[in-house]
>>> print(open('start-v6.txt').read())   # compact mmCIF, C-alpha atoms (C1' of nucleotides)
# COMPACT_ATOMS: atom_id res chain seq x y z
CA MET W 29 120.15 84.15 101.15
CA ASN W 30 117.46 86.59 100.39
CA GLN W 31 117.91 88.58 97.29
CA LEU W 32 117.52 92.30 97.53
CA PRO W 33 114.07 93.66 96.65
CA ALA W 34 115.50 95.25 93.54
CA ASP W 35 116.68 91.83 92.46
CA PHE W 36 113.14 90.61 92.60
CA ASP W 37 112.11 93.11 89.97
CA ALA W 38 115.17 92.27 87.91
CA ALA W 39 114.30 88.59 88.15
CA VAL W 40 110.82 89.29 86.81
CA TRP W 41 112.15 91.38 83.93
CA LYS W 42 114.66 88.67 83.16
CA LEU W 43 111.91 86.09 82.86
CA LEU W 44 109.84 88.43 80.73
CA LYS W 45 112.74 88.78 78.34
CA LYS W 46 112.68 85.02 77.94
CA ILE W 47 109.20 85.13 76.52
CA PRO W 48 109.33 84.50 72.77
CA GLU W 49 107.63 86.93 70.45
CA GLY W 50 104.03 86.15 69.68
CA LYS W 51 103.60 84.38 73.00
CA VAL W 52 102.18 85.43 76.34
CA THR W 53 102.49 84.33 79.95
CA THR W 54 100.65 84.89 83.20
CA TYR W 55 101.63 86.64 86.38
CA LYS W 56 101.01 83.43 88.22
CA GLN W 57 103.42 81.57 86.01
CA LEU W 58 106.04 84.23 86.64
CA ALA W 59 105.47 84.04 90.37
CA ILE W 60 105.92 80.29 90.28
CA ALA W 61 109.06 80.68 88.19
CA LEU W 62 110.38 83.02 90.84
CA GLY W 63 109.71 80.45 93.50
CA LYS W 64 106.67 82.18 94.95
CA PRO W 65 103.43 80.82 93.49
CA ASN W 66 101.47 83.36 95.47
CA ALA W 67 103.61 86.36 94.67
CA PHE W 68 101.66 87.07 91.48
CA ARG W 69 100.86 90.52 92.83
CA ALA W 70 104.46 91.33 93.63
CA VAL W 71 105.32 90.20 90.12
CA GLY W 72 102.72 92.53 88.70
CA ASN W 73 104.22 95.30 90.77
CA ALA W 74 107.67 94.57 89.40
CA CYS W 75 106.25 94.86 85.91
CA ASN W 76 104.57 98.09 86.79
CA ARG W 77 107.89 99.42 88.11
CA ASN W 78 109.52 98.20 84.92
CA PRO W 79 111.95 100.77 83.41
CA ASP W 80 110.15 100.91 80.05
CA ALA W 81 107.89 98.76 77.95
CA PRO W 82 110.08 97.75 74.97
CA PHE W 83 112.98 96.86 77.26
CA VAL W 84 110.84 94.47 79.22
CA PRO W 85 107.99 92.80 77.34
CA CYS W 86 105.58 93.18 80.22
CA HIS W 87 102.94 93.60 77.55
CA ARG W 88 103.26 89.87 76.89
CA VAL W 89 102.04 89.15 80.38
CA VAL W 90 98.34 88.62 80.93
CA LYS W 91 96.08 87.39 83.68
CA SER W 92 95.53 83.70 84.30
CA THR W 93 92.04 84.01 82.89
CA GLY W 94 93.41 85.20 79.56
CA GLU W 95 92.51 88.81 80.12
CA LEU W 96 95.16 91.37 79.31
CA GLY W 97 95.02 92.66 82.83
CA GLY W 98 96.52 96.12 82.91
CA TYR W 99 99.38 98.14 81.57
CA ALA W 100 101.34 101.03 83.08
CA LYS W 101 101.63 102.81 79.74
CA GLY W 102 98.05 102.16 78.79
CA LEU W 103 96.17 98.98 78.18
CA LYS W 104 95.45 100.11 74.66
CA LYS W 105 99.16 100.19 73.94
CA LYS W 106 99.53 96.70 75.30
CA ILE W 107 96.86 95.42 72.95
CA ALA W 108 98.51 97.17 70.03
CA LEU W 109 101.89 95.60 70.81
CA LEU W 110 100.45 92.12 71.18
CA LYS W 111 98.47 92.37 67.99
CA ARG W 112 101.56 93.67 66.29
CA GLU W 113 103.46 90.56 67.39
CA GLY W 114 100.77 88.28 66.08
CA VAL W 115 98.69 87.88 69.20
CA LYS W 116 95.09 88.70 68.42
CA ILE W 117 93.18 90.49 71.12
CA LYS W 118 89.42 90.66 71.43
CA ASN W 119 87.58 92.64 74.04
CA ASN W 120 90.67 92.77 76.24
CA LYS W 121 91.18 89.05 75.98
CA VAL W 122 93.83 86.96 74.22
CA LEU W 123 92.50 84.74 71.45
CA ASN W 124 93.72 81.13 71.72
CA PHE W 125 95.15 82.17 75.06
CA MET W 126 96.04 78.61 76.06
CA GLU W 127 97.86 78.07 72.77
CA ARG W 128 99.71 81.35 73.14
CA LEU W 129 100.52 80.66 76.78
CA PHE W 130 104.25 80.26 77.25
CA GLU W 131 105.47 78.31 80.29
CA PHE W 132 108.94 78.92 81.70
CA ARG W 133 109.42 75.36 82.88
C1' DA B 20 78.28 87.13 87.08
C1' DG B 21 79.98 89.92 90.82
C1' DT B 22 82.00 90.35 95.35
C1' DA B 23 85.23 89.38 99.09
C1' DA B 24 89.39 87.72 100.94
C1' DG B 25 94.27 86.47 100.41
C1' DG B 26 99.61 86.59 100.42
C1' DC B 27 104.10 89.39 98.31
C1' DG B 28 106.73 93.51 97.68
C1' DG B 29 107.29 98.51 97.48
C1' DG B 30 106.32 103.21 98.67
C1' DC B 31 104.75 106.67 101.71
C1' DA B 32 103.14 108.75 106.44
C1' DG O 24 112.48 102.36 112.14
C1' DT O 25 107.63 100.79 112.01
C1' DG O 26 103.07 100.44 110.07
C1' DC O 27 99.53 100.82 106.61
C1' DC O 28 97.77 100.83 101.89
C1' DC O 29 98.19 99.93 97.40
C1' DG O 30 98.94 97.26 93.03
C1' DC O 31 99.25 95.10 85.66
C1' DC O 32 96.49 89.44 90.59
C1' DT O 33 94.11 84.85 91.88
C1' DT O 34 90.69 82.13 93.75
C1' DA O 35 86.73 80.93 96.13
C1' DC O 36 81.93 81.97 97.68
>>> encode(input="start-v6.txt", output="structure tokens")
Amino acid sequence: MNQLPADFDAAVWKLLKKIPEGKVTTYKQLAIALGKPNAFRAVGNACNRNPDAPFVPCHRVVKSTGELGGYAKGLKKKIALLKREGVKIKNNKVLNFMERLFEFR
DNA sequence: AGTAAGGCGGGCA
DNA sequence: GTGCCCGCCTTAC
């Protein structure tokens, strides 16, 4: 059975909430976790439609290349939050990205 | 390095 | 109700 579109967003937020503090994930990884390895864009959309930043740690989600990507509330804010959690950011990129990368499994 | 094309979901005309 | 474009992307050329 197909879940309702709204459920898709909720599913993304749910996964985001699973991300431990000080760690980051990628949109691709989220898409795969949702069962759609090519839905990375839809996942990004869900994050963008996210109710509010602190409720859903969409700021812990970055691009597959390690770039921060974007942020609805402001990329600068995203960087600040990540750095605050222990994730060092440099020139819009996550330091030790691979080590900070959290996989849902 | 930059550019172009791609597949997923939502919103608007 | 249908169609088109866009978006916090990814990958390949």
>>> interface_residues(input="start-v6.txt", of="chain B", to="chain W", cutoff="12 Å", atoms="all atoms listed in the file", output="PyMOL selection string")
chain B and resi 25-30
>>> interface_residues(input="start-v6.txt", of="chain O", to="chain W", cutoff="8 Å", atoms="only C-alpha atoms (C1' of nucleotides)", output="list in words")
DG30, DC31, DC32 and DT33 of chain O
>>> atom_distance(input="start-v6.txt", atom1="atom C1' of O:DA35", atom2="atom C1' of B:DA20")
13.8 Å
>>> residues_around(input="start-v6.txt", residues="stretch 125-132 of chain W", least_positions_apart="5", cutoff="12 Å", atoms="all atoms listed in the file", output="ChimeraX atom specification")
/W:40,42-63,88-96,110,113-118,120
>>> atom_distance(input="start-v6.txt", atom1="atom CA of W:Leu109", atom2="atom CA of W:Trp41")
17.2 Å
>>> atom_distance(input="start-v6.txt", atom1="atom C1' of O:DC29", atom2="atom CA of W:Ala108")
27.5 Å
>>> residues_around(input="start-v6.txt", residues="O:DC36", least_positions_apart="5", cutoff="12 Å", atoms="all atoms listed in the file", output="list in words")
DG21, DT22, DA23 and DA24 of chain B
